[in-house]
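Text of protein-v3.cif, listed as mmCIF, C-alpha atoms and all ligand atoms:
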data_input
loop_
_atom_site.label_atom_id
_atom_site.label_comp_id
_atom_site.auth_asym_id
_atom_site.auth_seq_id
_atom_site.Cartn_x
_atom_site.Cartn_y
_atom_site.Cartn_z
CA MET A 1 -36.46 43.78 30.11
CA ALA A 2 -38.30 45.30 33.08
CA GLU A 3 -36.24 46.32 36.11
CA LEU A 4 -35.37 43.28 38.25
CA THR A 5 -36.45 43.07 41.88
CA ILE A 6 -34.27 41.10 44.28
CA ARG A 7 -35.62 40.05 47.67
CA ALA A 8 -36.19 37.11 50.02
CA PRO A 9 -39.09 34.87 48.95
CA ARG A 10 -42.34 34.87 50.89
CA ASP A 11 -43.61 31.59 52.39
CA ASP A 12 -46.45 31.46 49.86
CA GLU A 13 -43.91 31.55 47.00
CA ALA A 14 -42.33 28.18 47.90
CA GLU A 15 -43.91 26.36 44.98
CA ALA A 16 -42.82 29.05 42.49
CA VAL A 17 -39.24 28.96 43.86
CA PHE A 18 -39.12 25.17 43.51
CA ALA A 19 -40.46 25.46 39.95
CA ALA A 20 -37.91 28.15 39.01
CA ASP A 21 -35.06 26.06 40.37
CA ALA A 22 -36.30 22.89 38.67
CA ARG A 23 -36.57 24.73 35.35
CA GLY A 24 -33.06 26.17 35.74
CA PHE A 25 -31.60 22.72 36.32
CA GLY A 26 -33.97 20.92 33.97
CA PHE A 27 -35.59 18.49 36.41
CA HIS A 28 -39.08 17.82 37.66
CA VAL A 29 -40.13 18.18 41.30
CA GLU A 30 -42.86 15.81 42.47
CA PRO A 31 -45.31 17.40 44.95
CA ASP A 32 -44.26 14.82 47.58
CA ASP A 33 -40.63 15.71 47.06
CA MET A 34 -41.43 19.37 47.50
CA ARG A 35 -43.38 18.79 50.74
CA ARG A 36 -40.51 16.73 52.07
CA ARG A 37 -37.91 19.39 51.32
CA LEU A 38 -40.00 22.30 52.59
CA SER A 39 -38.98 21.74 56.21
CA LEU A 40 -35.32 22.17 55.20
CA MET A 41 -35.77 25.51 53.54
CA GLU A 42 -34.67 28.53 55.52
CA TRP A 43 -36.44 31.06 53.30
CA GLU A 44 -34.93 34.04 55.12
CA ARG A 45 -31.56 32.78 53.81
CA PHE A 46 -32.80 32.80 50.22
CA ARG A 47 -32.85 35.56 47.64
CA ILE A 48 -34.87 35.54 44.43
CA ALA A 49 -34.67 37.75 41.35
CA LEU A 50 -38.00 38.71 39.79
CA ASP A 51 -38.64 40.12 36.34
CA GLY A 52 -42.12 41.53 36.87
CA GLU A 53 -44.00 38.66 38.57
CA GLU A 54 -41.72 35.92 37.24
CA ILE A 55 -38.94 34.39 39.33
CA VAL A 56 -35.86 34.33 37.10
CA GLY A 57 -33.13 33.61 39.66
CA VAL A 58 -32.77 31.76 42.99
CA ALA A 59 -29.95 31.38 45.49
CA GLY A 60 -29.94 30.35 49.13
CA ALA A 61 -28.10 28.68 51.97
CA TYR A 62 -28.54 26.10 54.72
CA SER A 63 -27.20 26.60 58.25
CA LEU A 64 -24.53 23.92 58.67
CA GLN A 65 -21.50 23.16 60.82
CA MET A 66 -18.49 21.79 58.91
CA THR A 67 -15.74 19.65 60.39
CA VAL A 68 -12.15 20.83 59.86
CA PRO A 69 -8.89 18.91 60.51
CA GLY A 70 -8.56 18.23 64.24
CA GLY A 71 -12.32 17.73 64.69
CA ALA A 72 -13.50 21.30 65.37
CA VAL A 73 -16.55 22.52 63.49
CA LEU A 74 -17.10 25.85 61.74
CA PRO A 75 -20.53 27.50 61.34
CA THR A 76 -21.01 27.33 57.57
CA GLY A 77 -23.43 28.74 55.06
CA GLY A 78 -24.14 25.77 52.82
CA VAL A 79 -24.87 27.64 49.58
CA THR A 80 -27.50 25.88 47.51
CA TRP A 81 -30.41 26.07 45.08
CA ILE A 82 -28.62 28.33 42.61
CA ALA A 83 -30.37 28.73 39.28
CA VAL A 84 -30.99 31.50 36.78
CA ALA A 85 -33.61 31.17 34.02
CA PRO A 86 -32.13 30.40 30.58
CA THR A 87 -33.87 33.56 29.33
CA HIS A 88 -31.90 35.70 31.81
CA ARG A 89 -28.45 34.11 31.92
CA ARG A 90 -25.15 35.96 31.69
CA ARG A 91 -26.60 39.28 32.80
CA GLY A 92 -25.09 39.24 36.26
CA ILE A 93 -28.08 37.77 38.17
CA LEU A 94 -26.07 34.97 39.81
CA THR A 95 -23.41 37.53 40.75
CA GLU A 96 -25.98 39.77 42.41
CA LEU A 97 -27.82 36.96 44.23
CA LEU A 98 -24.61 35.37 45.48
CA GLU A 99 -23.33 38.70 46.76
CA LEU A 100 -26.49 39.02 48.88
CA VAL A 101 -26.26 35.45 50.13
CA HIS A 102 -22.62 36.16 51.12
CA VAL A 103 -23.67 39.34 52.96
CA ASP A 104 -26.26 37.30 54.86
CA ILE A 105 -23.64 34.65 55.73
CA ALA A 106 -21.31 37.37 57.06
CA GLU A 107 -24.12 39.00 59.07
CA ARG A 108 -24.89 35.66 60.70
CA GLY A 109 -21.26 35.44 61.81
CA GLU A 110 -20.57 32.32 59.76
CA PRO A 111 -16.88 32.43 58.79
CA LEU A 112 -17.27 29.96 55.92
CA ALA A 113 -19.42 29.34 52.84
CA ALA A 114 -19.49 25.97 51.10
CA LEU A 115 -21.11 24.48 48.04
CA SER A 116 -20.94 21.66 45.55
CA SER A 117 -20.99 22.83 41.99
CA SER A 118 -22.84 21.70 38.87
CA GLU A 119 -19.90 22.81 36.70
CA GLY A 120 -16.22 23.46 37.34
CA GLY A 121 -15.92 26.93 35.84
CA ILE A 122 -18.45 28.93 37.84
CA TYR A 123 -17.35 29.58 41.40
CA GLU A 124 -13.64 30.32 41.65
CA ARG A 125 -14.30 33.93 40.60
CA PHE A 126 -16.52 34.25 43.67
CA GLY A 127 -13.72 33.12 46.02
CA TYR A 128 -14.48 29.37 46.21
CA GLY A 129 -11.68 26.79 46.01
CA ILE A 130 -11.91 23.00 45.69
CA ALA A 131 -11.22 21.56 49.15
CA SER A 132 -12.31 17.94 48.69
CA ARG A 133 -12.74 15.45 45.92
CA VAL A 134 -15.37 12.87 45.04
CA ARG A 135 -14.78 9.68 43.15
CA SER A 136 -17.17 7.49 41.21
CA ALA A 137 -16.12 3.93 41.87
CA ARG A 138 -17.29 0.44 41.09
CA LEU A 139 -16.51 -2.84 42.68
CA ASP A 140 -16.64 -5.94 40.53
CA HIS A 141 -18.79 -8.30 42.58
CA SER A 142 -17.19 -11.47 41.20
CA ARG A 143 -13.67 -10.30 42.20
CA ALA A 144 -14.52 -8.74 45.56
CA ALA A 145 -13.27 -11.52 47.85
CA PHE A 146 -11.79 -10.37 51.15
CA ARG A 147 -8.27 -11.24 52.29
CA ARG A 148 -8.31 -14.33 54.48
CA ASP A 149 -6.69 -12.54 57.40
CA VAL A 150 -9.36 -9.81 57.57
CA ASP A 151 -11.93 -10.38 60.31
CA VAL A 152 -15.27 -9.69 58.61
CA GLY A 153 -17.17 -9.82 61.91
CA ALA A 154 -19.61 -12.60 61.01
CA GLY A 155 -23.00 -11.89 62.60
CA SER A 156 -22.21 -8.28 63.53
CA VAL A 157 -24.42 -6.67 60.84
CA ARG A 158 -28.21 -6.79 60.64
CA PHE A 159 -30.95 -5.13 58.64
CA VAL A 160 -33.03 -2.46 60.26
CA ASP A 161 -36.28 -1.31 58.68
CA ASP A 162 -36.69 2.27 57.56
CA ALA A 163 -39.17 3.11 60.34
CA ASN A 164 -36.51 2.35 62.97
CA ALA A 165 -33.34 3.17 61.08
CA GLN A 166 -33.21 6.93 61.36
CA PRO A 167 -32.44 7.48 65.08
CA LEU A 168 -29.96 4.59 65.09
CA ILE A 169 -27.99 5.75 62.09
CA ALA A 170 -28.22 9.39 63.16
CA ASP A 171 -26.41 8.46 66.40
CA ILE A 172 -23.61 6.75 64.47
CA TYR A 173 -23.43 9.65 62.02
CA GLU A 174 -22.94 12.01 64.98
CA ARG A 175 -19.98 9.92 66.15
CA TYR A 176 -18.52 9.89 62.64
CA ARG A 177 -18.96 13.44 61.35
CA THR A 178 -16.27 15.12 63.45
CA THR A 179 -13.72 12.49 62.35
CA ARG A 180 -14.00 13.47 58.68
CA PRO A 181 -13.01 17.00 57.55
CA GLY A 182 -15.64 18.35 55.16
CA GLU A 183 -18.55 16.51 56.73
CA VAL A 184 -21.49 18.55 58.01
CA THR A 185 -24.25 18.42 60.59
CA ARG A 186 -27.63 16.96 59.68
CA SER A 187 -30.63 18.37 61.55
CA ALA A 188 -33.67 16.24 62.52
CA ASP A 189 -35.49 17.80 59.54
CA TRP A 190 -32.59 16.79 57.33
CA TRP A 191 -32.82 13.17 58.46
CA ARG A 192 -36.60 13.14 57.96
CA ALA A 193 -36.24 14.53 54.44
CA LEU A 194 -33.53 11.97 53.60
CA GLU A 195 -35.55 9.08 54.96
CA GLY A 196 -38.74 10.17 53.15
CA GLY A 197 -36.92 10.50 49.85
CA ARG A 198 -35.42 7.03 50.11
CA ARG A 199 -38.60 5.19 51.07
CA GLY A 200 -39.97 4.62 47.57
CA PRO A 201 -38.46 3.36 44.33
CA ALA A 202 -37.04 6.08 42.07
CA GLY A 203 -35.56 6.21 38.58
CA GLY A 204 -34.97 2.45 38.18
CA PHE A 205 -33.73 2.09 41.78
CA SER A 206 -35.37 0.09 44.55
CA PRO A 207 -36.18 1.74 47.89
CA VAL A 208 -33.12 1.68 50.14
CA TRP A 209 -32.15 -0.94 52.70
CA TYR A 210 -30.32 -0.11 55.92
CA LEU A 211 -27.52 -2.29 57.31
CA LEU A 212 -26.54 -1.64 60.89
CA HIS A 213 -23.39 -2.48 62.87
CA ALA A 214 -22.67 -1.27 66.41
CA ASP A 215 -20.12 1.18 64.96
CA GLY A 216 -21.39 1.89 61.47
CA TYR A 217 -24.16 1.67 58.92
CA ALA A 218 -24.65 1.31 55.19
CA VAL A 219 -27.56 2.47 53.04
CA TYR A 220 -27.93 0.77 49.68
CA ARG A 221 -30.37 0.28 46.84
CA ILE A 222 -30.55 -1.96 43.82
CA GLU A 223 -30.80 -0.78 40.24
CA SER A 224 -32.42 -3.22 37.81
CA ARG A 225 -32.48 -2.83 34.06
CA TRP A 226 -32.88 -5.05 31.01
CA ASP A 227 -29.89 -5.55 28.73
CA ASN A 228 -30.75 -7.42 25.52
CA GLY A 229 -33.26 -9.63 27.33
CA HIS A 230 -31.04 -10.16 30.40
CA LYS A 231 -31.82 -8.60 33.73
CA LYS A 232 -28.81 -6.59 35.00
CA ARG A 233 -28.67 -5.58 38.62
CA ALA A 234 -26.25 -3.21 40.32
CA LEU A 235 -25.99 -2.33 43.98
CA ASP A 236 -25.51 1.36 44.71
CA VAL A 237 -24.00 2.29 48.08
CA VAL A 238 -25.85 5.48 48.98
CA GLU A 239 -23.95 6.00 52.24
CA LEU A 240 -21.46 4.03 54.28
CA VAL A 241 -20.34 5.30 57.63
CA ALA A 242 -17.90 3.27 59.72
CA VAL A 243 -16.43 4.59 62.94
CA THR A 244 -14.12 1.56 63.35
CA ALA A 245 -12.13 -0.68 60.99
CA ALA A 246 -14.18 -3.65 62.21
CA ALA A 247 -17.44 -1.94 61.18
CA HIS A 248 -15.93 -1.00 57.80
CA ALA A 249 -14.92 -4.60 57.03
CA ALA A 250 -18.19 -6.09 58.29
CA LEU A 251 -20.40 -3.68 56.33
CA TRP A 252 -18.47 -4.02 53.08
CA HIS A 253 -18.34 -7.79 53.46
CA THR A 254 -22.13 -7.83 53.85
CA LEU A 255 -22.55 -5.65 50.76
CA VAL A 256 -20.39 -7.89 48.58
CA ASN A 257 -22.45 -10.84 49.77
CA VAL A 258 -25.72 -9.45 48.42
CA ASP A 259 -26.66 -11.95 45.74
CA LEU A 260 -27.76 -11.42 42.14
CA VAL A 261 -25.70 -8.27 41.76
CA GLY A 262 -23.12 -7.62 39.03
CA GLN A 263 -21.44 -4.43 40.18
CA ILE A 264 -21.40 -2.35 43.30
CA THR A 265 -21.25 1.35 42.55
CA SER A 266 -20.73 4.32 44.86
CA GLU A 267 -19.80 7.97 44.93
CA MET A 268 -19.30 7.79 48.68
CA ILE A 269 -15.93 6.07 48.96
CA PRO A 270 -13.31 8.61 50.12
CA LEU A 271 -9.95 8.58 48.32
CA ASP A 272 -8.25 7.25 51.47
CA ASP A 273 -10.81 4.50 52.11
CA PRO A 274 -9.16 1.24 53.21
CA LEU A 275 -11.45 -0.92 51.03
CA PRO A 276 -8.72 -1.89 48.50
CA MET A 277 -6.51 -2.96 51.43
CA VAL A 278 -9.00 -5.53 52.73
CA LEU A 279 -9.69 -7.06 49.31
CA ALA A 280 -7.66 -10.00 48.02
CA ASP A 281 -7.55 -8.21 44.64
CA PRO A 282 -7.27 -4.45 45.33
CA ARG A 283 -7.91 -3.76 41.64
CA ALA A 284 -11.47 -5.06 42.05
CA LEU A 285 -12.28 -1.51 43.17
CA ARG A 286 -12.06 0.70 40.10
CA THR A 287 -12.19 4.47 40.10
CA ASP A 288 -14.06 5.78 37.06
CA GLU A 289 -13.74 9.47 37.85
CA ILE A 290 -12.33 11.84 40.43
CA THR A 291 -13.94 15.24 40.45
CA ASP A 292 -14.36 18.29 42.65
CA GLY A 293 -16.37 17.76 45.84
CA THR A 294 -16.80 20.62 48.27
CA TRP A 295 -15.85 24.18 47.30
CA LEU A 296 -15.06 26.51 50.19
CA ARG A 297 -15.05 30.28 50.49
CA PRO A 298 -13.55 31.52 53.75
CA ALA A 299 -15.35 34.76 54.58
CA ASP A 300 -13.40 35.31 57.81
CA ILE A 301 -9.90 34.15 56.88
CA ALA A 302 -8.43 34.29 60.41
CA ALA A 303 -11.40 32.47 62.01
CA CYS A 304 -11.18 29.70 59.41
CA LEU A 305 -7.41 29.24 59.65
CA ARG A 306 -7.35 29.19 63.45
CA ALA A 307 -10.16 26.59 63.70
CA ARG A 308 -8.13 23.67 62.35
CA THR A 309 -5.01 21.80 63.38
CA TYR A 310 -1.88 21.46 61.20
CA GLY A 311 0.46 18.65 60.21
CA THR A 312 3.64 20.19 61.63
CA ASP A 313 4.60 22.76 64.23
CA ASP A 314 5.29 25.80 62.03
CA GLY A 315 4.14 29.29 61.13
CA PHE A 316 3.75 31.57 58.10
CA VAL A 317 2.47 34.99 57.14
CA ILE A 318 -0.21 34.66 54.48
CA GLU A 319 -1.41 37.59 52.40
CA VAL A 320 -4.98 37.44 51.05
CA GLU A 321 -6.56 40.34 49.17
CA GLY A 322 -4.06 42.82 50.63
CA SER A 323 -4.48 41.72 54.30
CA ARG A 324 -1.74 39.73 56.04
CA TYR A 325 -2.34 36.99 58.61
CA ARG A 326 0.24 35.41 60.91
CA LEU A 327 -0.68 31.74 61.26
CA GLU A 328 1.06 29.62 63.93
CA GLY A 329 -0.12 26.03 63.94
CA SER A 330 0.64 22.52 65.11
CA PRO A 331 -1.15 19.17 65.49
CA ALA A 332 -2.57 20.58 68.75
CA GLY A 333 -4.17 23.79 67.42
CA ALA A 334 -3.50 27.19 65.88
CA MET A 335 -3.48 30.94 66.34
CA CYS A 336 -4.09 33.41 63.55
CA SER A 337 -4.33 37.17 63.55
CA LYS A 338 -3.77 40.12 61.25
CA VAL A 339 -0.22 41.52 61.10
CA ARG A 340 1.81 43.95 59.01
CA SER A 341 4.88 41.72 58.56
CA ARG A 342 6.25 40.61 55.21
CA ALA A 343 4.25 37.75 53.64
CA ASP A 344 5.71 34.25 53.11
CA ILE A 345 2.74 33.19 51.00
CA VAL A 346 0.39 35.24 48.83
CA ALA A 347 -2.88 33.48 48.07
CA ASP A 348 -6.31 34.33 46.79
CA ARG A 349 -9.40 33.62 48.90
CA ALA A 350 -10.27 30.52 46.86
CA ALA A 351 -6.79 29.05 47.50
CA VAL A 352 -7.23 29.49 51.26
CA GLY A 353 -10.59 27.71 50.91
CA ALA A 354 -8.86 24.86 49.07
CA LEU A 355 -6.27 24.52 51.87
CA LEU A 356 -8.74 24.57 54.71
CA LEU A 357 -9.64 20.90 54.91
CA GLY A 358 -6.09 19.56 54.59
CA GLY A 359 -6.62 17.60 51.36
CA ILE A 360 -4.87 19.84 48.82
CA ARG A 361 -1.14 20.57 48.49
CA ALA A 362 -0.17 24.24 48.58
CA SER A 363 2.45 23.51 45.90
CA HIS A 364 -0.31 22.28 43.54
CA LEU A 365 -2.12 25.58 44.02
CA ALA A 366 1.17 27.38 43.36
CA ALA A 367 1.57 25.45 40.10
CA GLY A 368 -1.83 26.82 39.07
CA LYS A 369 -0.87 30.40 40.05
CA ARG A 370 -3.49 30.54 42.79
CA LEU A 371 -0.82 30.90 45.42
CA GLU A 372 2.76 32.14 45.48
CA PHE A 373 5.62 31.24 47.82
CA ARG A 374 7.71 34.38 48.32
CA THR A 375 10.68 32.03 48.91
CA PRO A 376 10.34 28.91 46.73
CA ALA A 377 12.34 26.85 49.26
CA ILE A 378 9.43 26.88 51.73
CA ALA A 379 7.08 24.92 49.41
CA GLY A 380 7.69 21.51 51.04
CA ARG A 381 7.32 22.96 54.54
CA VAL A 382 4.02 24.62 53.61
CA ASP A 383 2.73 21.39 52.03
CA ARG A 384 3.50 19.35 55.14
CA PHE A 385 1.98 22.01 57.37
CA PHE A 386 -1.40 22.18 55.61
CA LEU A 387 -1.88 18.50 54.72
CA GLY A 388 -4.18 16.65 57.13
CA ASP A 389 -4.22 13.01 58.30
CA VAL A 390 -7.67 12.28 56.92
CA GLU A 391 -8.84 12.91 53.35
CA PRO A 392 -11.67 15.45 53.36
CA HIS A 393 -14.98 14.08 52.14
CA SER A 394 -18.71 14.54 52.57
CA GLN A 395 -21.59 12.12 52.22
CA THR A 396 -24.14 14.89 52.65
CA HIS A 397 -25.51 16.53 49.52
CA PHE A 398 -26.58 20.12 50.06
C1 LIG B 401 -24.72 28.87 36.46
C2 LIG B 401 -25.77 29.96 36.43
C3 LIG B 401 -26.44 30.05 37.79
C4 LIG B 401 -25.11 31.30 36.05
O1 LIG B 401 -26.04 32.37 36.23
P1 LIG B 401 -25.83 33.77 35.47
O2 LIG B 401 -26.82 34.73 36.04
O3 LIG B 401 -25.84 33.55 34.02
O4 LIG B 401 -24.37 34.18 35.94
P2 LIG B 401 -23.72 35.65 35.85
O5 LIG B 401 -24.30 36.38 34.67
O6 LIG B 401 -23.84 36.33 37.16
O7 LIG B 401 -22.23 35.25 35.56
C5 LIG B 401 -21.13 35.70 36.33
C6 LIG B 401 -19.84 35.31 35.64
O8 LIG B 401 -19.74 33.87 35.67
C7 LIG B 401 -19.60 33.36 34.35
N1 LIG B 401 -20.35 32.11 34.29
C8 LIG B 401 -21.63 31.93 34.57
N2 LIG B 401 -21.98 30.64 34.41
C9 LIG B 401 -20.86 29.99 34.01
C10 LIG B 401 -20.58 28.65 33.68
N3 LIG B 401 -21.55 27.71 33.72
N4 LIG B 401 -19.31 28.32 33.33
C11 LIG B 401 -18.36 29.28 33.28
N5 LIG B 401 -18.58 30.59 33.58
C12 LIG B 401 -19.81 30.93 33.94
C13 LIG B 401 -20.21 34.43 33.45
O9 LIG B 401 -19.71 34.37 32.14
C14 LIG B 401 -19.80 35.70 34.17
O10 LIG B 401 -18.45 36.00 33.87
P3 LIG B 401 -17.95 37.51 33.67
O11 LIG B 401 -18.20 38.18 34.98
O12 LIG B 401 -16.52 37.35 33.31
O13 LIG B 401 -18.80 38.07 32.58
C15 LIG B 401 -26.86 29.66 35.35
O14 LIG B 401 -26.23 29.48 34.12
C16 LIG B 401 -27.70 28.44 35.67
O15 LIG B 401 -28.75 28.54 36.31
N6 LIG B 401 -27.29 27.23 35.20
C17 LIG B 401 -28.06 25.98 35.39
C18 LIG B 401 -28.17 25.58 36.86
C19 LIG B 401 -26.81 25.52 37.51
O16 LIG B 401 -25.88 24.94 36.99
N7 LIG B 401 -26.70 26.15 38.69
C20 LIG B 401 -25.48 26.18 39.47
C21 LIG B 401 -25.65 25.17 40.56
S1 LIG B 401 -24.21 24.91 41.52
#
Encoded form (structure tokens):
Amino acid sequence: MAELTIRAPRDDEAEAVFAADARGFGFHVEPDDMRRRLSLMEWERFRIALDGEEIVGVAGAYSLQMTVPGGAVLPTGGVTWIAVAPTHRRRGILTELLELVHVDIAERGEPLAALSSSEGGIYERFGYGIASRVRSARLDHSRAAFRRDVDVGAGSVRFVDDANAQPLIADIYERYRTTRPGEVTRSADWWRALEGGRRGPAGGFSPVWYLLHADGYAVYRIESRWDNGHKKRALDVVELVAVTAAAHAALWHTLVNVDLVGQITSEMIPLDDPLPMVLADPRALRTDEITDGTWLRPADIAACLRARTYGTDDGFVIEVEGSRYRLEGSPAGAMCSKVRSRADIVADRAAVGALLLGGIRASHLAAGKRLEFRTPAIAGRVDRFFLGDVEPHSQTHF
């Protein structure tokens, strides 16, 4: 094997980078899809590995801002587009590319890196911990009646066509994103790319429809397929954002009233979503799978820990990779700085990432040996301190 070169891609290499990534993942990129995504690519944040002229590895990041408990946002490198050619795997190329992407994130002053992973076994070694979870759920249309005492806001939801939808839903998204830990900013380019990608039919799905409420929106599409001579149709909820309980009930009620649909499926229903509570039969909503969502790697531990609020008024010394941090926090805010005092908790970087959004119990991490309480009696206190009021979740794929 010739010596590998690692560098940022040039603008004229966009097509080759897309092709290398598509080959690594085993998918096909349509030219339209590539044009649409081009405006999102921050090539100076990417690194490629070349064997001679051939691109054999890709890694990059988007510039994002991620919400943490309490509603503050952290500048975040949204790590993405990671692929190594099957001919070059397990030779340390990912390790080298990711190291450079992390250096770039640190040089930009972003305290946090985030990603969603294709497989569960890859990223913990690089300091990433699972901070949020995603569920695949389905709602049985025939059993999805609402409780009689729930006001479903008749007349409060209307369709908006895709040409007009984007600015309206972007405004609502802006109101929503700081209420949900784990959610990220979407730039104007991001919205344009999303809208363009949803305009046409794809893979058995219809184009999307947009439902709008004054305080929320839903984006859905219909999947049609033949099953032994019978047409089967499912409704897939691509996104549902509700800033109020009234918007949530009205949008879901509209979705369950779409006719000629067997099941409603979604991967966008947070674990704490009130949908089962407003249904007459809460079991109509079935969870097929719960899996890892966002993985976080705090680069600047103190900056990350001081950005969020905490469940109780308390304080601990946390040791991470030999450095100790005194964290004092409460529901109003936090302070965190390096100290030399004795540690109460010893954690690895990935465990701090897992704790950052308030959705994971410290004692669960301790059970998995990712974190240690120096005095076991503090476990309950630490759990209550880190747990947030709102389940972390993200409806933005990056
Ligand atoms: C995942 C992928 C990027 C790994 O690239 P790579 O260059 O082979 O990785 P490295 O050689 O740097 O591996 C680093 C370490 O991670 C381990 N590792 C790599 N991929 C792994 C996987 N899928 N599951 C578990 N461990 C993995 C390696 O064994 C190695 O461990 P070691 O240091 O103990 O030897 C590559 O297999 C790939 O492109 N897969 C398909 C696309 C994909 O899934 N991308 C990730 C998107 S989130």
Please build the interface table for chain A against ligand LIG 401 (chain B) with a cut-off of 10 Å, listing for each qualifying residue the nearest atom pair and the distance in Å to one decimal; count all atoms listed in the file, order rows by chain and increasing number, and write it as a tab-separated table.
residue	atom	partner	partner_atom	distance
A:Ala20	CA	B:LIG401	O15	9.6
A:Asp21	CA	B:LIG401	C18	7.7
A:Ala22	CA	B:LIG401	C18	8.8
A:Arg23	CA	B:LIG401	C18	8.6
A:Gly24	CA	B:LIG401	O15	5.0
A:Phe25	CA	B:LIG401	C18	4.5
A:Gly26	CA	B:LIG401	C17	7.9
A:Ala49	CA	B:LIG401	O2	9.9
A:Val56	CA	B:LIG401	O2	9.1
A:Gly57	CA	B:LIG401	O2	7.4
A:Val58	CA	B:LIG401	C3	8.4
A:Ala59	CA	B:LIG401	C3	8.6
A:Val79	CA	B:LIG401	S1	8.5
A:Thr80	CA	B:LIG401	S1	6.9
A:Trp81	CA	B:LIG401	C21	6.6
A:Ile82	CA	B:LIG401	C21	4.8
A:Ala83	CA	B:LIG401	O15	3.4
A:Val84	CA	B:LIG401	O15	3.7
A:Ala85	CA	B:LIG401	O15	6.0
A:Pro86	CA	B:LIG401	O15	6.9
A:Thr87	CA	B:LIG401	O3	9.3
A:His88	CA	B:LIG401	O2	6.7
A:Arg89	CA	B:LIG401	O3	3.4
A:Arg90	CA	B:LIG401	O5	3.1
A:Arg91	CA	B:LIG401	O5	4.1
A:Gly92	CA	B:LIG401	O6	3.3
A:Ile93	CA	B:LIG401	O2	3.9
A:Leu94	CA	B:LIG401	O6	3.7
A:Thr95	CA	B:LIG401	O6	3.8
A:Glu96	CA	B:LIG401	O6	6.6
A:Leu97	CA	B:LIG401	O6	8.1
A:Leu98	CA	B:LIG401	O6	8.4
A:Glu99	CA	B:LIG401	O6	9.9
A:Leu115	CA	B:LIG401	S1	7.2
A:Ser116	CA	B:LIG401	S1	6.1
A:Ser117	CA	B:LIG401	S1	3.9
A:Ser118	CA	B:LIG401	S1	4.4
A:Glu119	CA	B:LIG401	N3	6.0
A:Gly120	CA	B:LIG401	N4	7.0
A:Gly121	CA	B:LIG401	C11	4.2
A:Ile122	CA	B:LIG401	N5	4.6
A:Tyr123	CA	B:LIG401	O8	7.5
A:Glu124	CA	B:LIG401	O8	9.3
A:Arg125	CA	B:LIG401	O8	7.3
A:Phe126	CA	B:LIG401	O8	8.6
Could you tell me how far CA of Ala280 in chain A lies from CA of Arg177 in chain A, in Å and to one decimal?
-> 29.2 Å
Residue nearest Tyr210 in chain A among A:Val160, A:Val258, A:Cys304, A:Leu296 (counting all atoms listed in the file) |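 Distance minimum relative to Tyr210 in chain A lands on A:Val160.
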From the set A:Gly155, A:Gly60, A:Pro274, A:Gly77, which residue has the shortest atom-to-atom contact distance to Ala299 in chain A, counting only C-alpha atoms?
->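 Nearest to Ala299 in chain A: A:Gly77.
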Nearest residue to Ala170 in chain A from the set A:Val150, A:Val29, A:Met268, A:Leu194 (distances using all atoms listed in the file) |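 For Ala170 in chain A, the nearest of the candidates is A:Leu194.
The shell of residues at most 7 Å from range 281-293 of chain A, with all atoms listed in the file counted and near chain neighbours (fewer than 5 positions) removed, consists of Ser116, Ile130, Ser132, Arg133, Val134, Arg135, Ser136, Ala137, Arg138, Leu139, Asp140, Arg143, Ala144 and Pro276 of chain A.
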Counting all atoms listed in the file, which of A:Arg108, A:Arg198, A:Arg297, A:Lys338 gets nearest to Ala351 in chain A?
->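 Smallest distance to Ala351 in chain A is found for A:Arg297.
Of the listed residues (A:Arg349, A:His248, A:His253, A:Lys231), A:Arg349 comes nearest to Leu112 in chain A; the distances count all atoms listed in the file.
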For each of A:Gly229, A:Gly315, A:Pro298, A:Pro331, take the minimum atom-to-atom distance to Gly129 in chain A, counting all atoms listed in the file, then give the residue where this is smallest.
->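 Under the stated criterion, the closest residue is A:Pro298.
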Tell me, as an MDAnalysis selection string, which residues lie within 6 Å of Val219 in chain A, counting all atoms listed in the file; anything in the same chain fewer than 5 positions away does not count.
-> chainID A and resid 209:210 238:239
Atom-to-atom span, CA of Thr375 in chain A and CA of Asp389 in chain A, Å = 25.9 Å
Separation of CA of Thr5 in chain A from CA of Val101 in chain A, in Å and rounded to one decimal |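 These two atoms are separated by 15.2 Å.
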Give me the residues within 9 Å of Glu328 in chain A as a VMD selection string, counting only C-alpha atoms and dropping any in the same chain fewer than 2 places off.
-> chain A and resid 306 313 to 317 326 330 333 to 336
Kindly provide, as a list in words, the polymer residues lying within 9 Å of (-3.0, 14.8, 56.5), counting all atoms listed in the file and using the coordinates exactly as they appear in the file.
-> Pro69, Tyr310, Gly311, Gly358, Gly359, Arg384, Phe385, Phe386, Leu387, Gly388, Asp389, Val390 and Glu391 of chain A
Can you pull out every residue within 10 Å of Pro201 in chain A, counting all atoms listed in the file, but drop anything in the same chain fewer than 6 positions away, and send it as a VMD selection string?
-> chain A and resid 207 to 208 221 to 223
Counting only C-alpha atoms, what is within 8 Å of range 161-168 of chain A, bar same-chain residues fewer than 2 positions away, as a PDB file with C-alpha atoms, in the coordinates of the input?
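Listed below is the output, part19.pdb:
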ATOM      1  CA  PHE A 159     -30.950  -5.130  58.640  1.00  0.00           C
ATOM      2  CA  ALA A 170     -28.220   9.390  63.160  1.00  0.00           C
ATOM      3  CA  ASP A 171     -26.410   8.460  66.400  1.00  0.00           C
ATOM      4  CA  ILE A 172     -23.610   6.750  64.470  1.00  0.00           C
ATOM      5  CA  TRP A 191     -32.820  13.170  58.460  1.00  0.00           C
ATOM      6  CA  ARG A 192     -36.600  13.140  57.960  1.00  0.00           C
ATOM      7  CA  GLU A 195     -35.550   9.080  54.960  1.00  0.00           C
ATOM      8  CA  ARG A 199     -38.600   5.190  51.070  1.00  0.00           C
ATOM      9  CA  TRP A 209     -32.150  -0.940  52.700  1.00  0.00           C
ATOM     10  CA  TYR A 210     -30.320  -0.110  55.920  1.00  0.00           C
TER      11      TYR A 210
END
